[in-house]
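The structure appears right after this line, and notes come after that.
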2 protein chains.
Amino acid sequence: MSESGGSERRAANGGRRRATINDIARMAGVSKKTVSRVINQSPFVKVETRDAINAIIKELGYRPDPTARGLALRRSFLVGLIYNQPNPQYVVQSQQGILSATRAAGLELVVHPCHRADPDLLDQVQNFVEQLKLFGVILTPSVSEDETVIDILREYECPYVRVASVQLDEPERMIVTHDSLGAAEAARHLTSLGHERVALISGPRTFRSAHERRQGFEAGLGEAGARLDPDYVAEGAYTYDSGVECARRLLALSPRPTAIFALNDEMAIGAYTAAREAGLSVPGDLSIVGFDDSPMAERLWPQLSSVRLPIRDMYRLAADKLIAVARGDKDAVAAIPAVRPSLVERASSGPLPR
Amino acid sequence: MSESGGSERRAANGGRRRATINDIARMAGVSKKTVSRVINQSPFVKVETRDAINAIIKELGYRPDPTARGLALRRSFLVGLIYNQPNPQYVVQSQQGILSATRAAGLELVVHPCHRADPDLLDQVQNFVEQLKLFGVILTPSVSEDETVIDILREYECPYVRVASVQLDEPERMIVTHDSLGAAEAARHLTSLGHERVALISGPRTFRSAHERRQGFEAGLGEAGARLDPDYVAEGAYTYDSGVECARRLLALSPRPTAIFALNDEMAIGAYTAAREAGLSVPGDLSIVGFDDSPMAERLWPQLSSVRLPIRDMYRLAADKLIAVARGDKDAVAAIPAVRPSLVERASSGPLPR
DNA sequence: CTGAAAGCGCTTACAG
DNA sequence: CTGAAAGCGCTTACAG
């Protein structure tokens with residue numbers, strides 16, 4: 001009586017034992033098969049029958065047991081997220097995005113972090129998919145780029161959606177993030193500020209995103225008639241430490257670069273540290289642009305210009321796509337919009353020093 | 001033939017159809033009940049019978065179907081994590097900790113972020129626990145402090161472990177983080193550096209941790225004969241923005257505090273911003289200490305002194321405890337060690353300015 | 001449009 | 001120490 005939510009709950013749990021499909025069938029005076037048809041939205045039920053059954057379902061607060069359905073259907077109501085993302089922000093936002101889509105569909109989210117170098121990876125994935133009879137799987141970069149992992153999903157006929165920087169698979173199995181476009185925008189931003197001696201802190205070769213971002217950056221520079229001097233490229237590892245080290249090396253070059261584009265924010269933050277060590281002011285002596293638009297970007301001083309990827313949206317769309325494909329709803333699949341990165345200009349990038 | 005992992009997998013999936021308990025029983029020449037006993041580690045099986053069955057299980061790569069077991073046992077092999085943590089680092093580390101314990105036990109992790117203010121919270125939790133027939137639930141602060149949520153878990157007899165800053169429940173249902181001890185250490189650190197005009201950016205009243213941290217801090221100050229002047233307390237909200245605002249207010253006081261303790265790192269980072277705005281150097285003019293030891297702490301300049309909580313360990317232990325309790329293994333429960341915060345001293349805290 | 005029977009792959013009393 | 005039967009709560013062909 002204290003609060004309505006509470007009393008409803010208690011009512012729902014009323015008869016001690018949860019109602020089953022048999023209870024509903026008995027009360028409705030039909031077979032459980034017919035109730036099952038209603039649950040599964042079969043069109044082959046007379047309207048009056050359906051309405052009567054639905055009324056009883058509602059009255060008893062009945063909800064079909066997912067475990068029992070799972071056993072009969074050989075498929076659970078669990079969506080798996082397989083990720084090897086070191087970035088906590090990314091992980092949490094992707095989970096939020098997926099959940100915002102799955103909740104409405106009565107699906108739950110099971111998380112599975114992994115390491116691509118783990119010799120056990122394929123067995124793990126197989127185990128995960130097979131034991132849980134997953135409804136479907138969503139994969140983040142870079143494990144989303146691993147064809148041996150995808151092969152297992154195919155083998156088990158487990159629906160999946162891959163989030164990756166380029167189209168690696170059929171459209172209904174992909175959310176493409178077009179990282180190259182964001183990097184090109186960063187390049188245009190820097191050239192428009194007058195920068196010509198632009199340096200790049202690249203990413204790990206095993207990440208497709210690193211390749212795409214670099215390509216896009218070079219393309220963007222090209223539009224302004226600039227080019228990326230190979231001497232002004234340092235190969236980073238998407239980590240803060242590698243960012244510090246790469247930036248140190250780049251800032252020791254002569255002539256010194258006037259701007260650094262780091263392929264993720266972690267490394268861009270490393271560039272701040274190296275700039276401070278070298279006594280350089282940002283952006284007075286050196287402009288810095290990152291990629292990710294992590295929460296740190298706004299908290300740094302000066303605030304970091306960075307390419308933003310709408311992570312939450314991307315993963316909501318990935319889940320939407322997974323659900324639409326599972327339902328065979330081609331229209332819904334086709335209606336899922338594309339995502340695009342965009343540059344967030346802040347204080348760390350400014351005009352060429354004179 | 002390409003890689004051993006791959007070929008083993010293929011072998012495991014060999015006969016197209018997964019082996020079931022019936023296959024094992026037939027091959028072993030026993031009833032499925034006996035196989036079931038072996039699976040469930042019943043002691044009432046002759047050693048030779050058990051060994052023979054285990055050999056066949058191994059040979060066929062048989063693993064019992066969790067869905068079918070779940071239906072019969074009315075309990076799944078899923079552990080739920082219920083959290084309302086805004087801090088991504090915390091969320092990811094807690095997940096990692098739990099997974100490091102659950103994997104060995106054949107359990108999977110289902111995540112459930114929530115908001116305490118959501119009027120739907122209790123129904124959500126009920127739904128989550130009931131539909132999934134959860135093996136158990138782990139709760140992070142501050143939702144772990146919500147007795148109405150806990151009541152639902154009890155009602156459904158769902159095992160749970162609460163992570164919280166103080167003992168709120170029976171020991172076998174708690175991992176206590178003793179935040180007050182860490183805050184006291186921060187206080188001792190600052191007084192030992194000579195600080196007397198120490199300010200506090202407190203946390204939201206609805207968080208027990210905020211209360212505990214403040215208490216501990218005041219106790220630590222008391223040890224050195226110092227005390228916390230109420231005028232030097234600003235009430236923050238555990239967010240960066242609130243940290244900026246509180247620090248601005250504190251730094252406008254006269255006499256100005258020489259040190260600020262912020263009850264989490266987000267707010268401590270806000271204090272950096274306010275100090276910079278006020279033209280104050282850290283730690284020359286102002287010492288700052290935070291709480292969380294987030295990844296940011298090391299990337300800031302100067303690096304932030306902060307109280308560290310071993311989050312990953314805490315949640316591994318929480319999962320260990322959940323499993324041990326479920327098994328009724330009192331020895332294992334008793335063997336789970338306590339966790340304690342500790343101060344990580346870095347460059348943001350220094351001697352009293354003269 | 002609707003139902004009786006069998007089955008999904010396990011476990012649980014109950015006997016023996 | 002071991003087994004035959006019933007049951008967990010659903011769905012799936014197959015009829016009608």
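Just so we're on the same page: first chain in the structure tokens is A, next is B, and so on; residues restart at 1 for each chain, and ligands are numbered from 1 in the order they show up.
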Enumerate the residues of range 53-234 of chain B with a DSSP assignment of strand (DSSP E), computed from the backbone, and present them as a PDB file with C-alpha atoms, in the first residue's frame.
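Output (out_29.pdb):
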ATOM      1  CA  LEU B  78      23.775 -16.199 -15.136  1.00  0.00           C
ATOM      2  CA  VAL B  79      25.135 -13.685 -12.674  1.00  0.00           C
ATOM      3  CA  GLY B  80      23.535 -10.259 -12.810  1.00  0.00           C
ATOM      4  CA  LEU B  81      25.410  -7.033 -12.193  1.00  0.00           C
ATOM      5  CA  ILE B  82      23.115  -4.227 -11.101  1.00  0.00           C
ATOM      6  CA  TYR B  83      24.813  -0.860 -11.121  1.00  0.00           C
ATOM      7  CA  GLU B 108      28.091 -15.770 -17.481  1.00  0.00           C
ATOM      8  CA  LEU B 109      27.560 -12.094 -16.718  1.00  0.00           C
ATOM      9  CA  VAL B 110      24.400 -10.161 -17.553  1.00  0.00           C
ATOM     10  CA  VAL B 111      24.607  -6.420 -17.012  1.00  0.00           C
ATOM     11  CA  HIS B 112      21.858  -4.200 -15.759  1.00  0.00           C
ATOM     12  CA  PRO B 113      22.546  -0.480 -15.421  1.00  0.00           C
ATOM     13  CA  GLY B 136      22.883 -14.463  -8.149  1.00  0.00           C
ATOM     14  CA  VAL B 137      23.274 -10.723  -8.251  1.00  0.00           C
ATOM     15  CA  ILE B 138      26.094  -8.340  -7.433  1.00  0.00           C
ATOM     16  CA  LEU B 139      25.290  -4.709  -6.690  1.00  0.00           C
ATOM     17  CA  TYR B 160      23.282 -11.513  -3.776  1.00  0.00           C
ATOM     18  CA  VAL B 161      26.444  -9.736  -2.696  1.00  0.00           C
ATOM     19  CA  ARG B 162      26.445  -6.020  -2.034  1.00  0.00           C
ATOM     20  CA  VAL B 163      29.546  -3.909  -2.464  1.00  0.00           C
ATOM     21  CA  ALA B 164      29.336  -0.896  -0.183  1.00  0.00           C
ATOM     22  CA  MET B 174      28.748  -8.003   1.665  1.00  0.00           C
ATOM     23  CA  ILE B 175      32.057  -6.774   0.363  1.00  0.00           C
ATOM     24  CA  VAL B 176      32.885  -3.782   2.518  1.00  0.00           C
ATOM     25  CA  VAL B 198      41.976  22.114   4.535  1.00  0.00           C
ATOM     26  CA  ALA B 199      38.817  22.233   2.441  1.00  0.00           C
ATOM     27  CA  LEU B 200      36.507  19.436   1.395  1.00  0.00           C
ATOM     28  CA  ILE B 201      34.442  18.934  -1.711  1.00  0.00           C
ATOM     29  CA  SER B 202      31.862  16.511  -0.421  1.00  0.00           C
ATOM     30  CA  VAL B 233      33.014  22.351   2.918  1.00  0.00           C
ATOM     31  CA  ALA B 234      31.274  22.567  -0.442  1.00  0.00           C
TER      32      ALA B 234
END
Exercise for the section: Quick one: pick out all helix (DSSP H, G or I) residues within range 11-202 of chain A from a backbone DSSP run and write them as a PyMOL selection string. Expected result: chain A and resi 11-12+21-28+32-39+47-60+66-73+88-105+121-132+143-145+147-155+171-173+179-192
Create the file for the chosen residues now, containing C-alpha atoms and written as a compact mmCIF listing (two decimals), in the first residue's frame.
# COMPACT_ATOMS: atom_id res chain seq x y z
CA ALA A 11 0.12 -8.62 -6.98
CA ALA A 12 2.07 -10.01 -9.89
CA ILE A 21 0.96 -21.28 -20.08
CA ASN A 22 -1.24 -24.07 -18.74
CA ASP A 23 -2.99 -21.73 -16.35
CA ILE A 24 -3.69 -19.30 -19.13
CA ALA A 25 -4.95 -22.05 -21.40
CA ARG A 26 -7.24 -23.47 -18.74
CA MET A 27 -8.69 -20.09 -17.83
CA ALA A 28 -9.20 -19.18 -21.46
CA LYS A 32 -1.79 -24.20 -24.73
CA LYS A 33 -0.91 -24.28 -28.38
CA THR A 34 -3.32 -21.45 -28.98
CA VAL A 35 -1.86 -19.49 -26.12
CA SER A 36 1.54 -20.15 -27.60
CA ARG A 37 0.33 -18.74 -30.89
CA VAL A 38 -0.77 -15.57 -29.18
CA ILE A 39 2.56 -15.25 -27.37
CA VAL A 47 -9.34 -11.94 -33.10
CA GLU A 48 -11.79 -12.64 -30.29
CA THR A 49 -9.74 -15.60 -29.09
CA ARG A 50 -6.60 -13.52 -29.12
CA ASP A 51 -8.18 -10.67 -27.24
CA ALA A 52 -9.64 -12.97 -24.61
CA ILE A 53 -6.29 -14.65 -24.07
CA ASN A 54 -4.45 -11.37 -23.93
CA ALA A 55 -6.87 -10.11 -21.31
CA ILE A 56 -6.16 -13.09 -19.09
CA ILE A 57 -2.43 -12.78 -19.67
CA LYS A 58 -2.59 -9.20 -18.59
CA GLU A 59 -4.76 -9.90 -15.60
CA LEU A 60 -2.42 -12.56 -14.25
CA PRO A 66 12.38 -17.45 -21.36
CA THR A 67 14.21 -20.55 -20.21
CA ALA A 68 11.44 -22.85 -21.33
CA ARG A 69 11.04 -21.01 -24.59
CA GLY A 70 14.79 -21.14 -25.01
CA LEU A 71 14.85 -24.89 -24.56
CA ALA A 72 12.07 -25.48 -27.07
CA LEU A 73 13.32 -22.91 -29.57
CA PRO A 88 36.21 1.94 -20.72
CA GLN A 89 34.17 4.81 -22.05
CA TYR A 90 33.69 2.97 -25.30
CA VAL A 91 32.69 -0.22 -23.55
CA VAL A 92 30.15 1.42 -21.30
CA GLN A 93 28.63 3.53 -24.03
CA SER A 94 28.32 0.57 -26.36
CA GLN A 95 26.56 -1.38 -23.63
CA GLN A 96 24.19 1.51 -23.00
CA GLY A 97 23.42 1.78 -26.67
CA ILE A 98 22.67 -1.91 -27.01
CA LEU A 99 20.53 -1.97 -23.89
CA SER A 100 18.44 0.94 -25.06
CA ALA A 101 17.38 -1.20 -28.00
CA THR A 102 17.23 -4.64 -26.39
CA ARG A 103 15.13 -3.69 -23.38
CA ALA A 104 12.11 -2.90 -25.46
CA ALA A 105 12.52 -6.25 -27.20
CA LEU A 121 39.75 -17.04 -28.26
CA LEU A 122 37.98 -19.22 -30.81
CA ASP A 123 37.04 -21.87 -28.29
CA GLN A 124 35.78 -19.17 -25.98
CA VAL A 125 33.58 -17.67 -28.64
CA GLN A 126 32.25 -21.05 -29.67
CA ASN A 127 31.51 -21.88 -26.08
CA PHE A 128 29.83 -18.54 -25.50
CA VAL A 129 27.58 -18.82 -28.53
CA GLU A 130 26.78 -22.49 -28.19
CA GLN A 131 26.18 -22.80 -24.48
CA LEU A 132 24.09 -19.66 -24.26
CA VAL A 143 37.64 -8.27 -32.81
CA SER A 144 34.87 -7.41 -35.27
CA GLU A 145 37.54 -7.56 -37.96
CA GLU A 147 37.26 -13.45 -39.79
CA THR A 148 38.08 -16.56 -37.81
CA VAL A 149 35.73 -15.37 -35.09
CA ILE A 150 33.05 -14.56 -37.64
CA ASP A 151 33.44 -18.00 -39.18
CA ILE A 152 32.43 -19.56 -35.91
CA LEU A 153 29.33 -17.41 -35.67
CA ARG A 154 28.40 -18.45 -39.17
CA GLU A 155 29.03 -22.10 -38.39
CA PRO A 171 25.13 -4.55 -45.04
CA GLU A 172 22.68 -6.32 -42.75
CA ARG A 173 25.61 -7.60 -40.71
CA ASP A 179 36.50 6.62 -39.49
CA SER A 180 38.30 7.85 -42.58
CA LEU A 181 35.77 10.65 -43.02
CA GLY A 182 36.40 11.92 -39.53
CA ALA A 183 40.14 11.86 -40.02
CA ALA A 184 39.77 13.74 -43.30
CA GLU A 185 37.81 16.39 -41.45
CA ALA A 186 40.65 16.71 -38.93
CA ALA A 187 43.08 17.16 -41.84
CA ARG A 188 40.93 19.85 -43.42
CA HIS A 189 40.66 21.60 -40.08
CA LEU A 190 44.43 21.73 -39.68
CA THR A 191 45.20 22.80 -43.23
CA SER A 192 42.56 25.50 -43.02
Under the rule of at most 12 Å, produce a per-residue listing of chain D near chain A: chain, number, name, the closest pair of atoms, and the distance in Å, as JSON lines, using only C-alpha atoms (C1' of nucleotides).
{"residue": "D:DC8", "atom": "C1'", "partner": "A:Ala68", "partner_atom": "CA", "distance": 7.9}
{"residue": "D:DG9", "atom": "C1'", "partner": "A:Ala68", "partner_atom": "CA", "distance": 4.9}
{"residue": "D:DC10", "atom": "C1'", "partner": "A:Ala68", "partner_atom": "CA", "distance": 4.7}
{"residue": "D:DT11", "atom": "C1'", "partner": "A:Ala72", "partner_atom": "CA", "distance": 5.4}
{"residue": "D:DT12", "atom": "C1'", "partner": "A:Ala72", "partner_atom": "CA", "distance": 8.6}
Keeping only N, CA and C atoms (P, O5', C5', C4', C3', O3' and C1' of nucleotides), take the residues you just selected and write them out as a short mmCIF file (atom, residue, chain, number, x, y, z; two decimals), in the first residue's frame.
data_model
loop_
_atom_site.label_atom_id
_atom_site.label_comp_id
_atom_site.auth_asym_id
_atom_site.auth_seq_id
_atom_site.Cartn_x
_atom_site.Cartn_y
_atom_site.Cartn_z
P DC D 8 5.70 -29.65 -13.57
"O5'" DC D 8 6.85 -28.59 -13.80
"C5'" DC D 8 7.98 -28.47 -12.94
"C4'" DC D 8 9.07 -27.73 -13.68
"C3'" DC D 8 8.51 -26.80 -14.74
"O3'" DC D 8 8.38 -25.49 -14.18
"C1'" DC D 8 10.36 -28.11 -15.58
P DG D 9 6.91 -24.77 -14.23
"O5'" DG D 9 6.87 -24.20 -15.70
"C5'" DG D 9 7.85 -23.26 -16.09
"C4'" DG D 9 7.82 -23.12 -17.60
"C3'" DG D 9 6.44 -22.75 -18.16
"O3'" DG D 9 6.64 -21.74 -19.14
"C1'" DG D 9 7.30 -24.60 -19.29
P DC D 10 5.48 -20.83 -19.69
"O5'" DC D 10 6.06 -20.48 -21.13
"C5'" DC D 10 5.59 -21.13 -22.29
"C4'" DC D 10 6.76 -21.72 -23.04
"C3'" DC D 10 6.44 -22.01 -24.50
"O3'" DC D 10 6.86 -20.93 -25.30
"C1'" DC D 10 7.44 -23.92 -23.46
P DT D 11 6.21 -20.72 -26.73
"O5'" DT D 11 6.79 -21.94 -27.57
"C5'" DT D 11 8.17 -21.95 -27.95
"C4'" DT D 11 8.43 -23.11 -28.89
"C3'" DT D 11 7.71 -23.00 -30.23
"O3'" DT D 11 8.64 -23.44 -31.23
"C1'" DT D 11 7.11 -25.03 -29.19
P DT D 12 8.38 -23.15 -32.75
"O5'" DT D 12 8.49 -24.61 -33.38
"C5'" DT D 12 9.11 -25.65 -32.67
"C4'" DT D 12 8.80 -26.98 -33.32
"C3'" DT D 12 8.24 -26.90 -34.73
"O3'" DT D 12 8.69 -28.04 -35.45
"C1'" DT D 12 6.68 -27.95 -33.34
#
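Using only C-alpha atoms (C1' of nucleotides), the contacts of range 335-342 of chain B at a cut-off of 7 Å, with sequence neighbours closer than 5 positions omitted, comprise Thr177, His178, Asp179, Leu181, Gly182, Val307, Arg308, Leu309, Pro310, Met314 and Leu317 of chain B.
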Handout entry: Selected residue of minimal separation from chain B among A:Glu235, A:Glu266, A:Asp292, A:Asp320, counting only C-alpha atoms
Key = A:Glu266
Practice task
May I ask for the distance between CA of Pro295 in chain A and CA of Leu263 in chain A, given in Å to one decimal place?
Solution key: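 According to the coordinates, CA of Pro295 in chain A and CA of Leu263 in chain A are separated by 16.1 Å.
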Exercise for the section: Select, from A:Leu300, A:Val282, A:Cys246, A:Ala226, the residue with the minimum atom-to-atom distance to chain B, counting only C-alpha atoms. Expected result: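 Of the candidates, the smallest distance to chain B is held by A:Leu300.
Computed from the coordinates, the CA of Leu322 in chain A to CA of Ser76 in chain A distance equals 14.1 Å.
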Exercise for the section: Write out as JSON, numbers by chain which residues come within 9 Å of Glu277 in chain A when counting only C-alpha atoms (C1' of nucleotides), dropping same-chain ones fewer than 4 positions away. Expected result: {"A": [248, 272, 273]}
Practice task
Find the residues around Arg208 in chain A up to 9 Å (only C-alpha atoms (C1' of nucleotides) counted), leave out those fewer than 5 positions away in its own chain, and share them as a PyMOL selection string.
Solution key: chain A and resi 141-142+145+164-166+213
